[in-house]
Amino acid sequence: MKNWGFKIPDSRTLDLDKEDLKLYNKIVEKVPSARRCIMCGMCSATCSAANHTNFNFRLVHHKFRMGMFESLASELDKCMLCGKCRMLCPRGVNTRAVIYNMRIILDNMYYKNI
Amino acid sequence: MENKKTVLVIGAGPAGISAAKSLANDNISVTVLEKEDTFGGNINNWAKLFPNFKDAGEVKSSLIQNFVNNQNIKIVYNKKVTELKKHNQKWIANTSDGEVFESDAAILSTGFKVFDAQYKEELGYGIYPNVITSVEFEKMYKNGKILTVQGSVPKKIAFLNCVGSRDEKVGNHYCSRICCIAAVKQAIEFKELYPQSEAFIFYMDIRMAGQFYEELYRKSQEKHGVVYIRGRISETSSTIDKKVQIKAEDTLAATPLRMTVDMLVLMIGVEASKSTTILSKQNNIDGPYGFAKSKDIHTADNYSNENGLFLAGSCKRPLTLTETIADGKSAAISVVEYLKQTK
Amino acid sequence: MNYNPFIIPFTTGAIILFAIIIYKFIAWYRKLDKKQRFYLRKNILTFKSIEAIKESFLEALIHRNIYKKNLLLGYMHMSLAFGWFLLIIFGKIEASLHAQTLFEEPWLAIFFRYFVRDEHKFFMSEIFPPLMDFLLLVILSGVLLAWLKRFSSSLLGMKKTTRHSKFDKIALASLWWIFPLRLLSESSTAALTGNGSFLTGTVGNLMAVLNLQYFEIYFWWAYSICLFAFFVSLPFSRYMHIPTEVVFIFLKKWGATAGEEYSGYTDFQLNACSRCGICIDVCQMNFAANIQNVQSVYFIRDTRYKHLKDETANNCLMCGRCVEACPVGLELTVIRQQLRNKKEIAGKHYYDYTKPQEADKKYDIVYFAGCMTHLTPSIIISMKKIFEEAGINYWFMDENKGTCCGRPMRQQGFIQQSKDLISINQKLINSSGAKTLVTSCPICYKSFKEEYVLDIEIKHHSEFINELIENNKIKIQNSQKSIVYHDPCELGRGSGIYEEPRNILAKVGNLKSSEFEKQNSLCCGGSLSNAIIELEDQIKIRNHALENLTACNPDILATACPLCKKTFVHGNKAKVMDIAEIIAENISLQNQSSKHKEKNKIKTKIEL
């Protein structure tokens with residue numbers, strides 16, 4: 001095979017036939033309001049952590065919803081849970097509960113109650 | 001001669017005017033009660049109307065033809081109706097100054113009020129002088145100039161949609177329908193006045209569901225270079241030179257966004273007016289958000305569940321002016337139907 | 001020897017009971033943390049022990065705190081507890097006097113009337129039968145009330161009563177029957193021997209229609225078996241509070257407090273809960289939002305029986321209303337916090353990305369607005385105005401890139417993360433060299449006070465403004481507007497600041513009182529401590545609170561917390577203002593010369 005000098009990258013397509021969208025149901029079970037999100041970006045705009053770094057709650061939530069879990073755990077670690085997003089969310093999404101539950105699901109080995 | 005039937009119309013806005021005119025045409029004696037000292041209602045607040053930039057004053061004057069000097073229409077100003085009730089098949093309206101009006105049927109055309117942007121404190125309305133509402137923009141535009149509080153032409157202006165609409169935190173879950181197109185209209189008006197300045201529209205969804213709306217949207221992009229940013233502004237703050245700093249997320253780029261504009265226009269939503277809420281509650285026809293509830297949205301939209309009490313215009317839900325005028329006429333037809341039955 | 005086989009159930013039960021209690025107490029004692037043991041050793045031989053005895057008497061026996069809630073409810077608890085206590089004490093005295101030794105058979109006191117049937121006289125023997133009958137009557141009246149409470153809790157001033165576990169039901173049923181059976185046994189003996197008094201004698205006469213020669217022994221058997229059932233189920237039921245509460249009172253008096261982590265002291269507290277359910281009635285989650293099964297009593301129960309769910313622990317506003325109401329004085333919110341805490345991940349740093357600017361020079365005062373305050377910019381503007389008016393050299397620490405105080409993280413149990421945030425802010429605050437830290441947010445305030453190690457005075461802006469006014473640093477005028485003040489949970493019950501805000505408001509307006517004030521104030525519903533509750537329920541809590549606070553139609557509903565303000569504003573019922581805004585609006589500017597102001601003008605840095 002000819003060496004073209006570059007590698008064809010792995011497909012960046014989001015393949016919804018393969019992705020596991022069921023994990024999101026676990027969030028919805030606990031936080032029914034999560035489904036109401038219209039991705040307006042008010043949460044990520046007001047975010048205290050986003051002042052310092054490129055943390056984007058809306059994106060993390062969306063990725064989780066679409067089954068793209070890669071590197072989400074470390075992204076979630078940036079959240080300070082300050083609650084500004086929840087105060088503003090025009091759809092009344094309990095954003096803090098979404099974060100909390102995503103965190104527990106992704107980091108389950110760490111966060112077990114006594 | 002047979003006694004003429006009488007109808008009370010509460011509110012002399014576009015819906016009330018068009019209903020009154022149609023009823024008068026059918027030789028029904030109409031009394032219009034208006035709480036202000038002039039007719040027209042909210043139409044008085046607008047300069048030009050979407051989608052064709054027709055002068056609101058012109059629209060108003062063609063609307064009031066055969067209204068003011070109609071012998072079948074009696075207009076009473078400065079009469080705020082505080083109580084509306086049915087008594088022995090008659091509708092009785094008590095006004096705040098103690099006068100009583102009686103009729104065979106009544107039309108509620110008490111319309112809407114705009115959302116008070118001070119409830120969204122984080123947007124800085126009432127705190128930073130260069131944060132204004134869309135209604136204030138119209139007033140300025142009527143005077144031919146859009147100027148900041150310092151008296152200069154804004155080099156950058158931003159419009160924010162959905163202020164007080166689609167917001168569960170202030171209790172308004174619904175879409176006000178007219179703000180998207182109004183923002184497009186105002187952005188074009190601004191760019192026509194000051195082609196050198198920049199205009200930005202912050203939106204969640206651009207809802208252009210009306211004839212020529214989409215074309216207007218297209219025109220604003222193509223001809224005027226209005227920039228559309230998909231994201232809701234979360235907070236504003238003020239610089240020492242009174243510019244407005246905006247925090248938002250460009251959700252398409254998934255990046256936090258900050259910008260400084262000379263002026264921020266809040267596209268405030270539509271809420272039920274106080275009279276709408278009070279009078280519909282009195283008659284148990286109140287629906288969600290304080291609007292009046294029609295009997296059936298498809299087939300009896302001008303009827304209420306109270307026999308003889310009819311609904312016209314935006315006391316039911318947010319409507320455009322076009323729809324409101326048509327709805328007034330439609331209400332008049334329903335009233336005539338009703339009066340024929342009750343003889 | 002006074003012996004009959006029917007004493008066996010009682011005696012076995014008593015032995016099992018004491019063995020389990022002692023085993024449990026030792027186990028919990030061993031789990032006490034260092035600090036708690038230290039206080040125990042330090043104060044055991046001091047006057048504090050006397051105080052503990054006094055309080056044990058007042059609370060565990062008389063139930064003074066329950067009397068405060070409702071007289072009948074108090075009487076019910078007192079008659080059962082104090083009545084039974086006296087019955088045991090006098091029973092023991094009677095038995096000892098009769099046997100002329102302190103070491104008579106341990107069951108003699110309990111079954112005295114059966115064994116001592118003759119008219120044999122001993123010292124003071126004639127006063128005991130009427131006394132014991134009277135005590136029995138008092139207890140029986142308490143049992144009757146307890147029965148009534150099951151049928152209609154509102155009779156005793158309770159809206160809701162606790163639902164019970166299996167062991168509770170066994171213990172409760174046996175408790176209900178112990179005293180009626182004692183009455184029947186003693187009465188039947190009295191009918192046969194005439195050793196009864198006004199109660200047992202009378203009832204005995206009524207019972208004489210039965211063949212008591214035959215039935216007497218069975219009544220005593222039933223009595224003894226009931227005691228056995230009660231004793232054996234006690235350590236596993238809510239009645240464990242009877243012995244535990246006393247130990248808890250002693251530990252508390254000696255100075256123990258629940259720390260950050262679950263300890264033996266937590267076990268004592270969990271078991272000291274009598275599940276009286278008073279906390280259910282004061283819980284807004286219950287009466288405003290109709291959310292059940294999360295109240296402190298259920299939380300404590302589930303924790304004790306080790307089937308606590310995350311939802312129960314987390315679905316709480318942590319407003320502290322139940323702590324104020326708890327007749328036992330349990331540290332309910334602290335315990336809940338302990339159970340929320342997650343295990344730490346050693347060595348991990350979460351917020352390395354923060355690169356906060358350090359203070360560029362030295363300042364007198366640091367101002368930390370708090371995350372939420374950035375959503376209420378008029379509080380910030382008002383504070384700036386007040387600082388400038390008072391000519392203060394201050395540093396607005398979180399004007400642009402604030403870091404959260406760490407309390408919200410902590411309250412959700414992420415301790416490690418919280419500590420991380422705290423250390424970032426601590427460094428920043430110390431870099432300013434200031435002597436005072438002022439904050440506008442009660443949540444931050446409590447965090448700074450309790451979780452930070454700062455060698456600096458910490459003030460909420462209501463305290464700070466109050467001082468400025470007292471020291472004539474700013475002058476204010478009275479607007480004559482009517483004001484109702486809402487106590488934020490973290491500032492009022494959380495930090496005990498009730499007077500300063502009222503002091504200020506009384507000077508700028510006409511301060512009116514509301515039904516729910518100070519210790520009894522309501523939560524606005526916006527609490528950050530509850531990450532479970534959905535908006536719909538928050539709104540119910542908010543609307544209920546708003547209705548009560550605005551009952552007298554005030555011009556202004558004042559509060560001292562950006563979270564409360566924002567929550568109430570959305571309720572659209574009254575004009576809601578923070579104390580800082582009200583002061584800034586009513587500041588009289590004439591007392592400051594413009595030169596003085598110029599000198600102290602604050603440089604506001606604008607960062608884009």
# chains A, B, ... in the order shown; residues from 1 in each chain; ligands from 1
$ interface_residues --of "chain C" --to "chain B" --cutoff "8 Å" --atoms "only C-alpha atoms" --output "number ranges by chain"
C: 374-378, 569-572, 606, 608
$ select_by_dssp --residues "segment 15-108 of chain A" --states "helix (DSSP H, G or I)" --output "MDAnalysis selection string"
chainID A and resid 23:30 32:36 42:46 49:51 57:65 72:76 84:88 95:106
$ closest_residue --among "C:Glu515, C:Glu457, C:Glu490, C:Glu536" --to "chain A" --atoms "only C-alpha atoms"
C:Glu536
$ residues_around --residues "Lys219 of chain B" --least-positions-apart "4" --cutoff "12 Å" --atoms "only C-alpha atoms" --output "VMD selection string"
chain B and resid 51 184 to 185 187 to 189 191 to 192 212 to 215 223 to 227
$ interface_residues --of "chain B" --to "chain A" --cutoff "8 Å" --atoms "only C-alpha atoms" --output "list in words"
Arg166, Asp167, Glu168, Lys169, His173, Met204, Arg230, Gly231, Arg232, Ile233, Ser234, Glu235, Lys247, Ala248, Glu249, Asp250, Thr251, Ala254, Thr255, Pro256 and Leu257 of chain B
$ write_last_selection --atoms "N, CA, C and O atoms" --output "PDB file, in the first residue's frame"
ATOM      1  N   ARG B 166     -40.597  32.323  27.187  1.00  0.00           N
ATOM      2  CA  ARG B 166     -39.901  31.039  27.244  1.00  0.00           C
ATOM      3  C   ARG B 166     -38.980  31.019  28.461  1.00  0.00           C
ATOM      4  O   ARG B 166     -37.832  30.601  28.382  1.00  0.00           O
ATOM      5  N   ASP B 167     -39.491  31.496  29.550  1.00  0.00           N
ATOM      6  CA  ASP B 167     -38.671  31.590  30.753  1.00  0.00           C
ATOM      7  C   ASP B 167     -39.480  31.104  31.951  1.00  0.00           C
ATOM      8  O   ASP B 167     -40.353  31.806  32.455  1.00  0.00           O
ATOM      9  N   GLU B 168     -39.154  29.890  32.392  1.00  0.00           N
ATOM     10  CA  GLU B 168     -39.929  29.314  33.492  1.00  0.00           C
ATOM     11  C   GLU B 168     -39.624  30.004  34.801  1.00  0.00           C
ATOM     12  O   GLU B 168     -40.396  29.913  35.742  1.00  0.00           O
ATOM     13  N   LYS B 169     -38.485  30.673  34.863  1.00  0.00           N
ATOM     14  CA  LYS B 169     -38.124  31.313  36.119  1.00  0.00           C
ATOM     15  C   LYS B 169     -39.030  32.493  36.418  1.00  0.00           C
ATOM     16  O   LYS B 169     -39.287  32.811  37.562  1.00  0.00           O
ATOM     17  N   HIS B 173     -43.934  30.281  30.352  1.00  0.00           N
ATOM     18  CA  HIS B 173     -43.366  29.165  29.589  1.00  0.00           C
ATOM     19  C   HIS B 173     -43.524  29.367  28.084  1.00  0.00           C
ATOM     20  O   HIS B 173     -42.870  28.708  27.304  1.00  0.00           O
ATOM     21  N   MET B 204     -32.434  32.202  20.548  1.00  0.00           N
ATOM     22  CA  MET B 204     -32.448  30.773  20.888  1.00  0.00           C
ATOM     23  C   MET B 204     -32.902  29.986  19.668  1.00  0.00           C
ATOM     24  O   MET B 204     -32.303  29.028  19.239  1.00  0.00           O
ATOM     25  N   ARG B 230     -26.273  32.538  18.282  1.00  0.00           N
ATOM     26  CA  ARG B 230     -27.200  31.648  18.953  1.00  0.00           C
ATOM     27  C   ARG B 230     -26.758  31.450  20.395  1.00  0.00           C
ATOM     28  O   ARG B 230     -25.847  30.689  20.693  1.00  0.00           O
ATOM     29  N   GLY B 231     -27.430  32.144  21.285  1.00  0.00           N
ATOM     30  CA  GLY B 231     -27.107  32.025  22.703  1.00  0.00           C
ATOM     31  C   GLY B 231     -27.875  33.063  23.482  1.00  0.00           C
ATOM     32  O   GLY B 231     -28.240  34.103  22.944  1.00  0.00           O
ATOM     33  N   ARG B 232     -28.130  32.731  24.715  1.00  0.00           N
ATOM     34  CA  ARG B 232     -28.918  33.638  25.549  1.00  0.00           C
ATOM     35  C   ARG B 232     -27.964  34.405  26.442  1.00  0.00           C
ATOM     36  O   ARG B 232     -27.080  33.816  27.056  1.00  0.00           O
ATOM     37  N   ILE B 233     -28.139  35.715  26.509  1.00  0.00           N
ATOM     38  CA  ILE B 233     -27.261  36.522  27.357  1.00  0.00           C
ATOM     39  C   ILE B 233     -27.586  36.226  28.814  1.00  0.00           C
ATOM     40  O   ILE B 233     -28.738  36.240  29.220  1.00  0.00           O
ATOM     41  N   SER B 234     -26.543  35.916  29.590  1.00  0.00           N
ATOM     42  CA  SER B 234     -26.814  35.568  30.985  1.00  0.00           C
ATOM     43  C   SER B 234     -26.723  36.780  31.888  1.00  0.00           C
ATOM     44  O   SER B 234     -27.529  36.963  32.773  1.00  0.00           O
ATOM     45  N   GLU B 235     -25.716  37.611  31.669  1.00  0.00           N
ATOM     46  CA  GLU B 235     -25.516  38.746  32.561  1.00  0.00           C
ATOM     47  C   GLU B 235     -24.968  39.919  31.773  1.00  0.00           C
ATOM     48  O   GLU B 235     -24.337  39.745  30.734  1.00  0.00           O
ATOM     49  N   LYS B 247     -22.344  38.907  28.694  1.00  0.00           N
ATOM     50  CA  LYS B 247     -21.826  37.547  28.824  1.00  0.00           C
ATOM     51  C   LYS B 247     -22.837  36.608  28.186  1.00  0.00           C
ATOM     52  O   LYS B 247     -24.025  36.675  28.503  1.00  0.00           O
ATOM     53  N   ALA B 248     -22.357  35.783  27.297  1.00  0.00           N
ATOM     54  CA  ALA B 248     -23.251  34.809  26.664  1.00  0.00           C
ATOM     55  C   ALA B 248     -22.409  33.622  26.243  1.00  0.00           C
ATOM     56  O   ALA B 248     -21.202  33.584  26.492  1.00  0.00           O
ATOM     57  N   GLU B 249     -23.067  32.628  25.639  1.00  0.00           N
ATOM     58  CA  GLU B 249     -22.300  31.564  25.026  1.00  0.00           C
ATOM     59  C   GLU B 249     -22.666  31.544  23.556  1.00  0.00           C
ATOM     60  O   GLU B 249     -23.843  31.620  23.197  1.00  0.00           O
ATOM     61  N   ASP B 250     -21.666  31.491  22.710  1.00  0.00           N
ATOM     62  CA  ASP B 250     -21.942  31.206  21.302  1.00  0.00           C
ATOM     63  C   ASP B 250     -22.132  29.703  21.230  1.00  0.00           C
ATOM     64  O   ASP B 250     -21.160  28.944  21.168  1.00  0.00           O
ATOM     65  N   THR B 251     -23.383  29.283  21.268  1.00  0.00           N
ATOM     66  CA  THR B 251     -23.624  27.848  21.424  1.00  0.00           C
ATOM     67  C   THR B 251     -23.234  27.072  20.180  1.00  0.00           C
ATOM     68  O   THR B 251     -22.987  25.874  20.248  1.00  0.00           O
ATOM     69  N   ALA B 254     -19.753  26.622  20.736  1.00  0.00           N
ATOM     70  CA  ALA B 254     -19.550  26.081  22.085  1.00  0.00           C
ATOM     71  C   ALA B 254     -18.457  26.818  22.835  1.00  0.00           C
ATOM     72  O   ALA B 254     -17.591  26.224  23.452  1.00  0.00           O
ATOM     73  N   THR B 255     -18.468  28.136  22.740  1.00  0.00           N
ATOM     74  CA  THR B 255     -17.460  28.951  23.420  1.00  0.00           C
ATOM     75  C   THR B 255     -18.152  30.072  24.180  1.00  0.00           C
ATOM     76  O   THR B 255     -19.093  30.669  23.669  1.00  0.00           O
ATOM     77  N   PRO B 256     -17.663  30.352  25.348  1.00  0.00           N
ATOM     78  CA  PRO B 256     -18.185  31.525  26.047  1.00  0.00           C
ATOM     79  C   PRO B 256     -17.892  32.786  25.224  1.00  0.00           C
ATOM     80  O   PRO B 256     -16.877  32.851  24.533  1.00  0.00           O
ATOM     81  N   LEU B 257     -18.776  33.730  25.313  1.00  0.00           N
ATOM     82  CA  LEU B 257     -18.634  34.923  24.482  1.00  0.00           C
ATOM     83  C   LEU B 257     -18.773  36.150  25.361  1.00  0.00           C
ATOM     84  O   LEU B 257     -19.640  36.198  26.231  1.00  0.00           O
TER      85      LEU B 257
END
$ interface_residues --of "chain C" --to "chain A" --cutoff "10 Å" --atoms "only C-alpha atoms" --output "number ranges by chain"
C: 261-262, 308-311, 338-345, 349-356, 370-375, 400-414, 417-418, 421, 526-536, 563, 566-567
$ residues_around --residues "Lys85 of chain B" --least-positions-apart "2" --cutoff "9 Å" --atoms "only C-alpha atoms" --output "list in words"
Glu83, His87, Lys90, Trp91, Ile92, Ala93, Asn94, Leu279, Gln282 and Asn283 of chain B
$ write_last_selection --atoms "N, CA and C atoms" --output "PDB file, in the first residue's frame"
ATOM      1  N   GLU B  83     -65.044  45.784  37.482  1.00  0.00           N
ATOM      2  CA  GLU B  83     -65.844  44.590  37.705  1.00  0.00           C
ATOM      3  C   GLU B  83     -66.741  44.355  36.506  1.00  0.00           C
ATOM      4  N   HIS B  87     -75.770  39.653  35.027  1.00  0.00           N
ATOM      5  CA  HIS B  87     -76.877  39.758  35.966  1.00  0.00           C
ATOM      6  C   HIS B  87     -78.165  39.756  35.156  1.00  0.00           C
ATOM      7  N   LYS B  90     -78.013  40.213  31.492  1.00  0.00           N
ATOM      8  CA  LYS B  90     -77.364  41.468  31.079  1.00  0.00           C
ATOM      9  C   LYS B  90     -75.921  41.441  31.582  1.00  0.00           C
ATOM     10  N   TRP B  91     -75.067  42.124  30.854  1.00  0.00           N
ATOM     11  CA  TRP B  91     -73.684  42.260  31.314  1.00  0.00           C
ATOM     12  C   TRP B  91     -73.500  43.629  31.932  1.00  0.00           C
ATOM     13  N   ILE B  92     -72.957  43.640  33.128  1.00  0.00           N
ATOM     14  CA  ILE B  92     -72.824  44.891  33.866  1.00  0.00           C
ATOM     15  C   ILE B  92     -71.357  45.158  34.131  1.00  0.00           C
ATOM     16  N   ALA B  93     -70.918  46.343  33.739  1.00  0.00           N
ATOM     17  CA  ALA B  93     -69.525  46.717  33.983  1.00  0.00           C
ATOM     18  C   ALA B  93     -69.491  47.885  34.960  1.00  0.00           C
ATOM     19  N   ASN B  94     -68.741  47.699  36.041  1.00  0.00           N
ATOM     20  CA  ASN B  94     -68.527  48.806  36.979  1.00  0.00           C
ATOM     21  C   ASN B  94     -67.168  49.397  36.706  1.00  0.00           C
ATOM     22  N   LEU B 279     -60.435  40.681  35.042  1.00  0.00           N
ATOM     23  CA  LEU B 279     -61.794  40.456  34.549  1.00  0.00           C
ATOM     24  C   LEU B 279     -62.040  39.000  34.191  1.00  0.00           C
ATOM     25  N   GLN B 282     -62.649  37.097  37.392  1.00  0.00           N
ATOM     26  CA  GLN B 282     -63.983  37.357  37.949  1.00  0.00           C
ATOM     27  C   GLN B 282     -65.030  36.464  37.306  1.00  0.00           C
ATOM     28  N   ASN B 283     -64.826  36.141  36.033  1.00  0.00           N
ATOM     29  CA  ASN B 283     -65.834  35.363  35.326  1.00  0.00           C
ATOM     30  C   ASN B 283     -65.433  33.902  35.124  1.00  0.00           C
TER      31      ASN B 283
END
$ atom_distance --atom1 "atom CA of Ser237 of chain C" --atom2 "atom CA of Lys24 of chain C"
13.5 Å
$ atom_distance --atom1 "atom CA of Pro235 of chain C" --atom2 "atom CA of Cys283 of chain C"
27.9 Å
$ atom_distance --atom1 "atom CA of Ser29 of chain B" --atom2 "atom CA of Ile285 of chain B"
25.2 Å
$ select_by_dssp --residues "segment 40-93 of chain B" --states "strand (DSSP E)" --output "short mmCIF file (atom, residue, chain, number, x, y, z; two decimals) with C-alpha atoms, in the first residue's frame"
data_model
loop_
_atom_site.label_atom_id
_atom_site.label_comp_id
_atom_site.auth_asym_id
_atom_site.auth_seq_id
_atom_site.Cartn_x
_atom_site.Cartn_y
_atom_site.Cartn_z
CA LYS B 48 -43.30 51.06 12.06
CA LEU B 49 -44.83 47.64 11.72
CA LYS B 54 -45.76 50.44 7.35
CA ASP B 55 -46.14 53.45 9.60
CA ILE B 73 -70.44 53.60 18.65
CA LYS B 74 -70.10 55.47 21.88
CA ILE B 75 -66.51 55.71 23.09
CA VAL B 76 -65.96 56.48 26.76
CA VAL B 81 -63.50 48.54 34.29
CA THR B 82 -63.00 47.05 37.72
CA GLU B 83 -65.84 44.59 37.71
CA LEU B 84 -67.63 42.77 34.92
CA LYS B 85 -70.45 40.41 35.74
CA LYS B 86 -73.59 38.87 34.36
CA HIS B 87 -76.88 39.76 35.97
CA LYS B 90 -77.36 41.47 31.08
CA TRP B 91 -73.68 42.26 31.31
CA ILE B 92 -72.82 44.89 33.87
CA ALA B 93 -69.53 46.72 33.98
#
$ residues_around --residues "Ile64 of chain B" --least-positions-apart "4" --cutoff "9 Å" --atoms "only C-alpha atoms" --output "list in words"
Pro14, Ile17, Ser18, Lys21, Phe39, Gly40, Val59, Lys60 and Val68 of chain B
$ residues_around --residues "segment 53-66 of chain C" --least-positions-apart "3" --cutoff "9 Å" --atoms "only C-alpha atoms" --output "PyMOL selection string"
chain C and resi 48-50+69-71+73-75+77-83+85+242+245-247+249-250+253+278+325-328
$ closest_residue --among "B:Thr342, B:Ser62, B:Asn42, B:Asn130" --to "Lys243 of chain B" --atoms "only C-alpha atoms"
B:Asn130
